[in-house]
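*Asks:* Supplied in structure tokens, the structure appears directly below.
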Amino acid sequence: MPETPRTTDVATSDADLLDQTAIAVRAAGSALRERFGEVVRYQSREELLRALAVNDETALDILGPRLTRLRPDAGWVEDELDGGALPPGEWWVVDPAEGNVNHLHALPEWAVTATLVRENQPVLTAVHLPLTGETYTALAGGGAHLDGRPLRVSPTADLGLSIVATSQARPDEDEKVVRRVGSSITAMLFDALVVRTAVPATLHLTNVAAGRIDAFWQFAGARADLLPGALLVTEAGGQVSDAQGRPWTPQSESFLAAAPGVHATAVATLSR
């Protein structure tokens, strides 16, 4: 776990803190990249969980000390499946290997994320894709960027011309949620141009923020899945809500991030 903090490393502003957070996720990503390439075989759920834990620990050994030095009084959340509201104050919400199963299978869709949440609002996030070298950042009120270049969501105004995406339900999810995921995909297959289904959620949301896809939705999402992308999309000019169009919070049972021109239509499709 994090080493003893040194107060001399505390960032003096949120912008400076974001810069240091980006450096931390890049360093953790480099360590995971060194472990990437061969498919990791497992014969049981226990073996799978052990392999996942090794990747998490590799990244956390770097992220833990660095982020704790930056914000010694902030709480720490690293369980990627946790959901709901956080206690008052500042919290680091970290996914040390977002898309960890993909990493084990030598698939390229994985990342390292770190988000600072203040009074249950994300104030900054850094998402690093080690295989491409890309780093997505967002600062509340300061915009969203890819390697320093501003991001803007798609100008698309027709869901029928849109690429949309979703992620599957988490392991051992309630049957009702699993069926809702399936029915929502079916509805979007009728209304959208292309429907993409894959994990992890964060990478879909970076694509929404960058204007590459037009909407992403998910049911029963976890904080670590959705907080980074929610801030990125919002700061890139997108709309974030639950699937019924109501304000989204970490306690919400669904999530929708979309370009403003297709948000209302996407809500109508998901509400059928």
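Residues in the structure tokens are named by chain (A, B, ... in the order shown) and by number from 1 within that chain; ligands are numbered from 1 in the order shown.
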As a ChimeraX atom specification, please: the residues near stretch 155-167 of chain A (cut-off 9 Å, only C-alpha atoms, same-chain neighbours under 4 positions excluded).
*Replies:* /A:181,185,188,190-201,204-205,208,211-219,258-263,265-266
*Asks:* Keeping N, CA, C and O atoms for every residue in the selection just given, could you write it to a file as a CSV table (one decimal), in the first residue's frame?
*Replies:*
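Output file again.csv follows:
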```csv
chain,number,residue,atom,x,y,z
A,181,VAL,N,-29.8,-5.3,-20.4
A,181,VAL,CA,-28.6,-5.0,-21.4
A,181,VAL,C,-29.0,-5.6,-22.7
A,181,VAL,O,-28.8,-4.9,-23.8
A,185,ILE,N,-29.6,-3.5,-26.3
A,185,ILE,CA,-28.8,-3.7,-27.6
A,185,ILE,C,-29.7,-3.9,-28.8
A,185,ILE,O,-29.5,-3.4,-29.8
A,188,MET,N,-31.2,-0.6,-29.9
A,188,MET,CA,-30.2,0.2,-30.6
A,188,MET,C,-29.9,-0.4,-32.0
A,188,MET,O,-29.6,0.4,-32.9
A,190,PHE,N,-32.0,-1.5,-34.0
A,190,PHE,CA,-33.0,-1.0,-34.9
A,190,PHE,C,-32.8,0.5,-35.2
A,190,PHE,O,-33.1,0.9,-36.3
A,191,ASP,N,-32.2,1.3,-34.2
A,191,ASP,CA,-32.3,2.7,-34.4
A,191,ASP,C,-30.9,3.3,-34.8
A,191,ASP,O,-30.9,4.4,-35.4
A,192,ALA,N,-29.8,2.7,-34.4
A,192,ALA,CA,-28.5,3.3,-34.7
A,192,ALA,C,-27.9,2.7,-35.9
A,192,ALA,O,-28.3,1.6,-36.4
A,193,LEU,N,-26.8,3.3,-36.4
A,193,LEU,CA,-26.1,2.8,-37.6
A,193,LEU,C,-25.3,1.6,-37.3
A,193,LEU,O,-25.4,0.6,-38.0
A,194,VAL,N,-24.5,1.7,-36.2
A,194,VAL,CA,-23.6,0.6,-35.8
A,194,VAL,C,-23.6,0.5,-34.3
A,194,VAL,O,-23.6,1.6,-33.6
A,195,VAL,N,-23.7,-0.7,-33.7
A,195,VAL,CA,-23.7,-0.9,-32.3
A,195,VAL,C,-22.4,-1.7,-31.9
A,195,VAL,O,-22.2,-2.8,-32.5
A,196,ARG,N,-21.6,-1.2,-31.0
A,196,ARG,CA,-20.4,-1.8,-30.6
A,196,ARG,C,-20.6,-2.3,-29.2
A,196,ARG,O,-21.1,-1.6,-28.3
A,197,THR,N,-20.2,-3.6,-28.9
A,197,THR,CA,-20.4,-4.1,-27.5
A,197,THR,C,-19.0,-4.7,-27.1
A,197,THR,O,-18.5,-5.6,-27.8
A,198,ALA,N,-18.4,-4.1,-26.1
A,198,ALA,CA,-17.1,-4.6,-25.6
A,198,ALA,C,-16.9,-4.0,-24.2
A,198,ALA,O,-17.5,-3.1,-23.8
A,199,VAL,N,-15.9,-4.5,-23.6
A,199,VAL,CA,-15.3,-3.9,-22.4
A,199,VAL,C,-13.9,-3.5,-22.7
A,199,VAL,O,-13.3,-4.0,-23.6
A,200,PRO,N,-13.4,-2.5,-21.9
A,200,PRO,CA,-14.0,-1.8,-20.8
A,200,PRO,C,-14.8,-0.5,-21.2
A,200,PRO,O,-14.6,0.0,-22.3
A,201,ALA,N,-15.6,-0.1,-20.3
A,201,ALA,CA,-16.5,1.1,-20.5
A,201,ALA,C,-15.6,2.4,-20.8
A,201,ALA,O,-16.0,3.2,-21.6
A,204,HIS,N,-14.7,3.2,-24.4
A,204,HIS,CA,-15.8,3.7,-25.2
A,204,HIS,C,-16.0,5.2,-24.8
A,204,HIS,O,-16.3,6.0,-25.7
A,205,LEU,N,-15.9,5.5,-23.6
A,205,LEU,CA,-16.2,6.9,-23.2
A,205,LEU,C,-15.1,7.9,-23.7
A,205,LEU,O,-15.4,9.0,-24.0
A,208,VAL,N,-16.3,8.6,-27.1
A,208,VAL,CA,-17.3,9.6,-27.1
A,208,VAL,C,-16.8,11.0,-26.9
A,208,VAL,O,-17.1,12.0,-27.7
A,211,GLY,N,-15.2,12.3,-30.0
A,211,GLY,CA,-16.1,12.5,-31.2
A,211,GLY,C,-16.0,11.3,-32.2
A,211,GLY,O,-16.5,11.4,-33.3
A,212,ARG,N,-15.4,10.2,-31.8
A,212,ARG,CA,-15.3,9.0,-32.7
A,212,ARG,C,-16.6,8.2,-32.7
A,212,ARG,O,-16.9,7.6,-33.7
A,213,ILE,N,-17.2,8.1,-31.5
A,213,ILE,CA,-18.6,7.5,-31.5
A,213,ILE,C,-19.5,8.5,-30.8
A,213,ILE,O,-19.1,9.4,-30.2
A,214,ASP,N,-20.8,8.2,-31.0
A,214,ASP,CA,-21.8,9.2,-30.6
A,214,ASP,C,-22.5,9.1,-29.3
A,214,ASP,O,-23.0,10.0,-28.8
A,215,ALA,N,-22.5,7.8,-28.8
A,215,ALA,CA,-23.2,7.6,-27.5
A,215,ALA,C,-22.7,6.3,-26.9
A,215,ALA,O,-22.3,5.4,-27.6
A,216,PHE,N,-22.7,6.3,-25.6
A,216,PHE,CA,-22.4,5.0,-24.8
A,216,PHE,C,-23.4,4.9,-23.7
A,216,PHE,O,-23.7,5.9,-23.1
A,217,TRP,N,-23.9,3.7,-23.5
A,217,TRP,CA,-24.8,3.5,-22.3
A,217,TRP,C,-24.4,2.2,-21.6
A,217,TRP,O,-23.7,1.4,-22.1
A,218,GLN,N,-24.8,2.2,-20.3
A,218,GLN,CA,-24.5,1.0,-19.5
A,218,GLN,C,-25.4,0.9,-18.3
A,218,GLN,O,-26.0,1.9,-17.9
A,219,PHE,N,-25.7,-0.3,-17.9
A,219,PHE,CA,-26.6,-0.5,-16.7
A,219,PHE,C,-25.8,-1.0,-15.6
A,219,PHE,O,-24.9,-1.8,-15.7
A,258,ALA,N,-23.6,11.0,-24.3
A,258,ALA,CA,-23.8,11.1,-25.7
A,258,ALA,C,-23.5,12.6,-26.2
A,258,ALA,O,-23.5,13.5,-25.4
A,259,ALA,N,-23.3,12.7,-27.5
A,259,ALA,CA,-23.3,14.0,-28.2
A,259,ALA,C,-24.7,14.6,-28.0
A,259,ALA,O,-25.7,13.9,-28.0
A,260,PRO,N,-24.7,15.9,-27.7
A,260,PRO,CA,-26.0,16.6,-27.5
A,260,PRO,C,-27.0,16.4,-28.5
A,260,PRO,O,-28.2,16.2,-28.2
A,261,GLY,N,-26.6,16.2,-29.8
A,261,GLY,CA,-27.6,16.1,-30.9
A,261,GLY,C,-28.3,14.8,-30.9
A,261,GLY,O,-29.4,14.7,-31.6
A,262,VAL,N,-27.8,13.7,-30.2
A,262,VAL,CA,-28.4,12.4,-30.3
A,262,VAL,C,-28.9,12.0,-28.9
A,262,VAL,O,-29.4,10.9,-28.7
A,263,HIS,N,-28.6,12.8,-27.8
A,263,HIS,CA,-28.9,12.4,-26.5
A,263,HIS,C,-30.4,12.0,-26.3
A,263,HIS,O,-30.7,11.0,-25.8
A,265,THR,N,-32.7,11.3,-28.4
A,265,THR,CA,-33.2,10.2,-29.2
A,265,THR,C,-32.7,8.9,-28.6
A,265,THR,O,-33.4,7.9,-28.5
A,266,ALA,N,-31.4,8.9,-28.0
A,266,ALA,CA,-30.9,7.7,-27.4
A,266,ALA,C,-31.7,7.4,-26.1
A,266,ALA,O,-32.0,6.2,-25.8
```
*Asks:* When you count only C-alpha atoms, which of these residues is closest to A:Ala224: A:Ala111, A:Leu139, A:Leu67, A:Ala24?
*Replies:*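 Looking only at the distances to A:Ala224, the closest residue turns out to be A:Ala111.
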*Asks:* Check the DSSP output for the backbone and give back, as a PyMOL selection string, the residues of stretch 219-269 of chain A in helix (DSSP H, G or I).
*Replies:* chain A and resi 223-235+260-269
*Asks:* List the neighbours of A:Asp19 out to 12 Å using only C-alpha atoms; skip same-chain residues closer than 3 positions along the sequence, and give me the result as number ranges by chain.
*Replies:* A: 11-16, 22-26, 67, 70, 114, 124-127, 135-139, 145, 147-148
*Asks:* Excluding A:Ala230 and its own-chain neighbours fewer than 2 positions away, which residues fall within 8 Å of it when counting only C-alpha atoms? Please give them as number ranges by chain.
*Replies:* A: 205, 226-228, 232-234, 240, 257
*Asks:* Given the selection you just returned, output its residues as a file containing N, CA and C atoms, formatted as a PDB file, in the first residue's frame.
*Replies:*
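Ended up saving to out.pdb:
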```pdb
ATOM      1  N   LEU A 205     -15.896   5.541 -23.591  1.00  0.00           N
ATOM      2  CA  LEU A 205     -16.164   6.923 -23.191  1.00  0.00           C
ATOM      3  C   LEU A 205     -15.076   7.871 -23.672  1.00  0.00           C
ATOM      4  N   LEU A 226     -17.065   4.481 -14.709  1.00  0.00           N
ATOM      5  CA  LEU A 226     -17.826   5.567 -15.295  1.00  0.00           C
ATOM      6  C   LEU A 226     -17.363   6.970 -14.912  1.00  0.00           C
ATOM      7  N   LEU A 227     -16.777   7.156 -13.740  1.00  0.00           N
ATOM      8  CA  LEU A 227     -16.380   8.501 -13.334  1.00  0.00           C
ATOM      9  C   LEU A 227     -15.361   9.144 -14.276  1.00  0.00           C
ATOM     10  N   PRO A 228     -14.308   8.427 -14.694  1.00  0.00           N
ATOM     11  CA  PRO A 228     -13.352   9.082 -15.608  1.00  0.00           C
ATOM     12  C   PRO A 228     -14.024   9.538 -16.901  1.00  0.00           C
ATOM     13  N   LEU A 232     -14.663  13.274 -18.683  1.00  0.00           N
ATOM     14  CA  LEU A 232     -14.125  13.519 -20.023  1.00  0.00           C
ATOM     15  C   LEU A 232     -15.221  13.965 -20.988  1.00  0.00           C
ATOM     16  N   VAL A 233     -16.350  13.243 -21.004  1.00  0.00           N
ATOM     17  CA  VAL A 233     -17.425  13.574 -21.937  1.00  0.00           C
ATOM     18  C   VAL A 233     -18.043  14.928 -21.605  1.00  0.00           C
ATOM     19  N   THR A 234     -18.291  15.182 -20.334  1.00  0.00           N
ATOM     20  CA  THR A 234     -18.873  16.463 -19.939  1.00  0.00           C
ATOM     21  C   THR A 234     -17.983  17.624 -20.357  1.00  0.00           C
ATOM     22  N   VAL A 240     -24.309  13.866 -20.079  1.00  0.00           N
ATOM     23  CA  VAL A 240     -24.253  12.666 -19.253  1.00  0.00           C
ATOM     24  C   VAL A 240     -25.510  12.628 -18.396  1.00  0.00           C
ATOM     25  N   ALA A 257     -23.939   8.543 -21.921  1.00  0.00           N
ATOM     26  CA  ALA A 257     -23.116   9.682 -22.322  1.00  0.00           C
ATOM     27  C   ALA A 257     -23.233   9.810 -23.825  1.00  0.00           C
TER      28      ALA A 257
END
```
*Asks:* Near A:Ala268, within 9 Å and counting only C-alpha atoms, which residues show up once chain neighbours fewer than 4 positions away are dropped, as JSON, numbers by chain?
*Replies:* {"A": [243, 244, 245, 263, 264, 272]}
*Asks:* Skip A:Leu151 itself and residues of its chain fewer than 6 positions away, then list as a list in words all residues within 6 Å of it, counting only C-alpha atoms.
*Replies:*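 Returned residues: Ala144, His145, Ala210 and Ala236 of chain A.
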*Asks:* Mind writing the picked residues with all heavy atoms as an mmCIF file, in the first residue's frame?
*Replies:*
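Written file, part18.cif:
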```cif
data_model
loop_
_atom_site.group_PDB
_atom_site.id
_atom_site.type_symbol
_atom_site.label_atom_id
_atom_site.label_comp_id
_atom_site.auth_asym_id
_atom_site.auth_seq_id
_atom_site.Cartn_x
_atom_site.Cartn_y
_atom_site.Cartn_z
ATOM 1 N N ALA A 144 -11.438 18.925 -21.677
ATOM 2 C CA ALA A 144 -10.913 17.577 -21.841
ATOM 3 C C ALA A 144 -9.874 17.604 -22.957
ATOM 4 O O ALA A 144 -10.020 18.323 -23.951
ATOM 5 C CB ALA A 144 -12.031 16.600 -22.197
ATOM 6 N N HIS A 145 -8.825 16.791 -22.787
ATOM 7 C CA HIS A 145 -7.710 16.828 -23.723
ATOM 8 C C HIS A 145 -7.164 15.432 -23.989
ATOM 9 O O HIS A 145 -7.240 14.552 -23.127
ATOM 10 C CB HIS A 145 -6.581 17.714 -23.190
ATOM 11 C CG HIS A 145 -6.959 19.154 -23.047
ATOM 12 N ND1 HIS A 145 -7.635 19.631 -21.940
ATOM 13 C CD2 HIS A 145 -6.763 20.212 -23.890
ATOM 14 C CE1 HIS A 145 -7.844 20.936 -22.091
ATOM 15 N NE2 HIS A 145 -7.320 21.311 -23.260
ATOM 16 N N ALA A 210 -13.863 12.074 -27.687
ATOM 17 C CA ALA A 210 -13.073 12.442 -28.858
ATOM 18 C C ALA A 210 -13.907 12.584 -30.130
ATOM 19 O O ALA A 210 -13.364 12.911 -31.186
ATOM 20 C CB ALA A 210 -11.978 11.405 -29.084
ATOM 21 N N ALA A 236 -15.851 17.656 -22.670
ATOM 22 C CA ALA A 236 -15.747 17.732 -24.131
ATOM 23 C C ALA A 236 -17.039 18.222 -24.775
ATOM 24 O O ALA A 236 -17.164 18.228 -26.005
ATOM 25 C CB ALA A 236 -15.366 16.366 -24.699
#
```
*Asks:* So which residues of stretch 7-204 of chain A fall under strand (DSSP E or B) by DSSP, listed as a VMD selection string?
*Replies:* chain A and resid 75 to 77 90 to 98 111 to 118 121 to 129 134 to 139 143 to 146 149 to 150 163 to 166 194 to 197
*Asks:* Please produce an output containing N, CA and C atoms for each residue in the selection, written as a compact mmCIF listing (two decimals), in the first residue's frame.
*Replies:*
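The result, written out as again-v3.txt:
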```txt
# COMPACT_ATOMS: atom_id res chain seq x y z
N GLY A 75 -9.02 9.88 0.62
CA GLY A 75 -9.30 8.46 0.75
C GLY A 75 -8.88 7.72 -0.51
N TRP A 76 -9.05 6.41 -0.48
CA TRP A 76 -8.52 5.57 -1.56
C TRP A 76 -9.53 4.48 -1.90
N VAL A 77 -9.94 4.40 -3.18
CA VAL A 77 -10.86 3.39 -3.64
C VAL A 77 -10.22 2.70 -4.84
N GLU A 90 -12.28 14.17 -0.10
CA GLU A 90 -11.62 13.81 -1.34
C GLU A 90 -11.29 12.32 -1.36
N TRP A 91 -11.44 11.73 -2.55
CA TRP A 91 -11.14 10.31 -2.73
C TRP A 91 -10.46 10.09 -4.06
N TRP A 92 -9.45 9.25 -4.06
CA TRP A 92 -8.90 8.74 -5.30
C TRP A 92 -9.70 7.50 -5.70
N VAL A 93 -10.28 7.55 -6.89
CA VAL A 93 -10.95 6.38 -7.46
C VAL A 93 -10.05 5.88 -8.59
N VAL A 94 -9.48 4.71 -8.40
CA VAL A 94 -8.43 4.21 -9.27
C VAL A 94 -8.84 2.88 -9.87
N ASP A 95 -8.62 2.70 -11.17
CA ASP A 95 -8.68 1.38 -11.78
C ASP A 95 -7.29 1.10 -12.32
N PRO A 96 -6.50 0.30 -11.59
CA PRO A 96 -5.10 0.11 -11.96
C PRO A 96 -4.91 -0.63 -13.26
N ALA A 97 -5.90 -1.43 -13.65
CA ALA A 97 -5.84 -2.14 -14.94
C ALA A 97 -7.25 -2.25 -15.49
N GLU A 98 -7.75 -1.14 -16.02
CA GLU A 98 -9.09 -1.12 -16.61
C GLU A 98 -9.06 -1.97 -17.88
N ALA A 111 -6.39 -0.03 -20.02
CA ALA A 111 -5.88 1.29 -19.66
C ALA A 111 -5.60 1.34 -18.16
N VAL A 112 -5.03 2.46 -17.73
CA VAL A 112 -4.84 2.77 -16.31
C VAL A 112 -5.54 4.10 -16.06
N THR A 113 -6.38 4.16 -15.01
CA THR A 113 -7.14 5.38 -14.75
C THR A 113 -6.99 5.80 -13.29
N ALA A 114 -7.03 7.11 -13.10
CA ALA A 114 -7.05 7.68 -11.74
C ALA A 114 -7.90 8.94 -11.77
N THR A 115 -8.87 9.01 -10.87
CA THR A 115 -9.80 10.13 -10.81
C THR A 115 -9.88 10.65 -9.38
N LEU A 116 -9.77 11.96 -9.22
CA LEU A 116 -9.95 12.56 -7.90
C LEU A 116 -11.40 13.04 -7.79
N VAL A 117 -12.07 12.54 -6.76
CA VAL A 117 -13.46 12.90 -6.50
C VAL A 117 -13.51 13.76 -5.24
N ARG A 118 -14.19 14.89 -5.34
CA ARG A 118 -14.30 15.82 -4.21
C ARG A 118 -15.78 16.05 -3.92
N GLN A 121 -18.06 14.64 -6.50
CA GLN A 121 -17.98 15.15 -7.86
C GLN A 121 -16.57 14.92 -8.40
N PRO A 122 -16.43 14.31 -9.60
CA PRO A 122 -15.09 14.15 -10.16
C PRO A 122 -14.52 15.51 -10.55
N VAL A 123 -13.31 15.80 -10.09
CA VAL A 123 -12.71 17.11 -10.38
C VAL A 123 -11.55 17.00 -11.36
N LEU A 124 -10.95 15.83 -11.47
CA LEU A 124 -9.91 15.63 -12.47
C LEU A 124 -9.75 14.14 -12.72
N THR A 125 -9.31 13.81 -13.93
CA THR A 125 -9.08 12.41 -14.27
C THR A 125 -7.97 12.30 -15.28
N ALA A 126 -7.26 11.18 -15.24
CA ALA A 126 -6.24 10.84 -16.24
C ALA A 126 -6.44 9.39 -16.64
N VAL A 127 -6.52 9.15 -17.93
CA VAL A 127 -6.71 7.81 -18.49
C VAL A 127 -5.57 7.56 -19.47
N HIS A 128 -4.74 6.57 -19.20
CA HIS A 128 -3.58 6.29 -20.06
C HIS A 128 -3.74 4.96 -20.76
N LEU A 129 -3.51 4.96 -22.07
CA LEU A 129 -3.54 3.75 -22.89
C LEU A 129 -2.09 3.38 -23.23
N GLU A 134 -1.33 7.06 -25.60
CA GLU A 134 -2.25 8.18 -25.45
C GLU A 134 -2.62 8.40 -23.98
N THR A 135 -2.77 9.67 -23.61
CA THR A 135 -3.24 10.01 -22.28
C THR A 135 -4.38 11.02 -22.41
N TYR A 136 -5.55 10.63 -21.93
CA TYR A 136 -6.73 11.49 -21.90
C TYR A 136 -6.82 12.13 -20.52
N THR A 137 -7.06 13.43 -20.49
CA THR A 137 -7.18 14.13 -19.21
C THR A 137 -8.38 15.06 -19.24
N ALA A 138 -8.94 15.30 -18.07
CA ALA A 138 -10.03 16.26 -17.94
C ALA A 138 -9.95 16.91 -16.58
N LEU A 139 -10.26 18.20 -16.56
CA LEU A 139 -10.29 18.98 -15.33
C LEU A 139 -11.62 19.70 -15.29
N GLY A 143 -11.88 21.72 -19.35
CA GLY A 143 -11.88 21.03 -20.62
C GLY A 143 -11.30 19.63 -20.56
N ALA A 144 -11.44 18.93 -21.68
CA ALA A 144 -10.91 17.58 -21.84
C ALA A 144 -9.87 17.60 -22.96
N HIS A 145 -8.82 16.79 -22.79
CA HIS A 145 -7.71 16.83 -23.72
C HIS A 145 -7.16 15.43 -23.99
N LEU A 146 -6.61 15.26 -25.16
CA LEU A 146 -5.85 14.07 -25.52
C LEU A 146 -4.43 14.53 -25.82
N ARG A 149 -4.25 18.11 -26.61
CA ARG A 149 -5.12 18.65 -27.65
C ARG A 149 -6.57 18.62 -27.18
N PRO A 150 -7.31 19.72 -27.35
CA PRO A 150 -8.69 19.76 -26.86
C PRO A 150 -9.57 18.71 -27.55
N ILE A 163 -22.65 5.84 -34.56
CA ILE A 163 -22.03 4.68 -33.95
C ILE A 163 -22.24 4.79 -32.45
N VAL A 164 -22.81 3.77 -31.84
CA VAL A 164 -23.06 3.77 -30.40
C VAL A 164 -22.40 2.54 -29.79
N ALA A 165 -22.26 2.54 -28.48
CA ALA A 165 -21.54 1.45 -27.83
C ALA A 165 -22.11 1.18 -26.45
N THR A 166 -21.90 -0.04 -25.98
CA THR A 166 -22.25 -0.40 -24.63
C THR A 166 -21.27 -1.45 -24.12
N VAL A 194 -24.47 1.70 -36.21
CA VAL A 194 -23.59 0.62 -35.77
C VAL A 194 -23.65 0.53 -34.26
N VAL A 195 -23.69 -0.68 -33.73
CA VAL A 195 -23.68 -0.90 -32.28
C VAL A 195 -22.44 -1.71 -31.93
N ARG A 196 -21.61 -1.16 -31.04
CA ARG A 196 -20.40 -1.84 -30.59
C ARG A 196 -20.62 -2.33 -29.16
N THR A 197 -20.24 -3.56 -28.88
CA THR A 197 -20.35 -4.10 -27.52
C THR A 197 -19.02 -4.70 -27.12
```
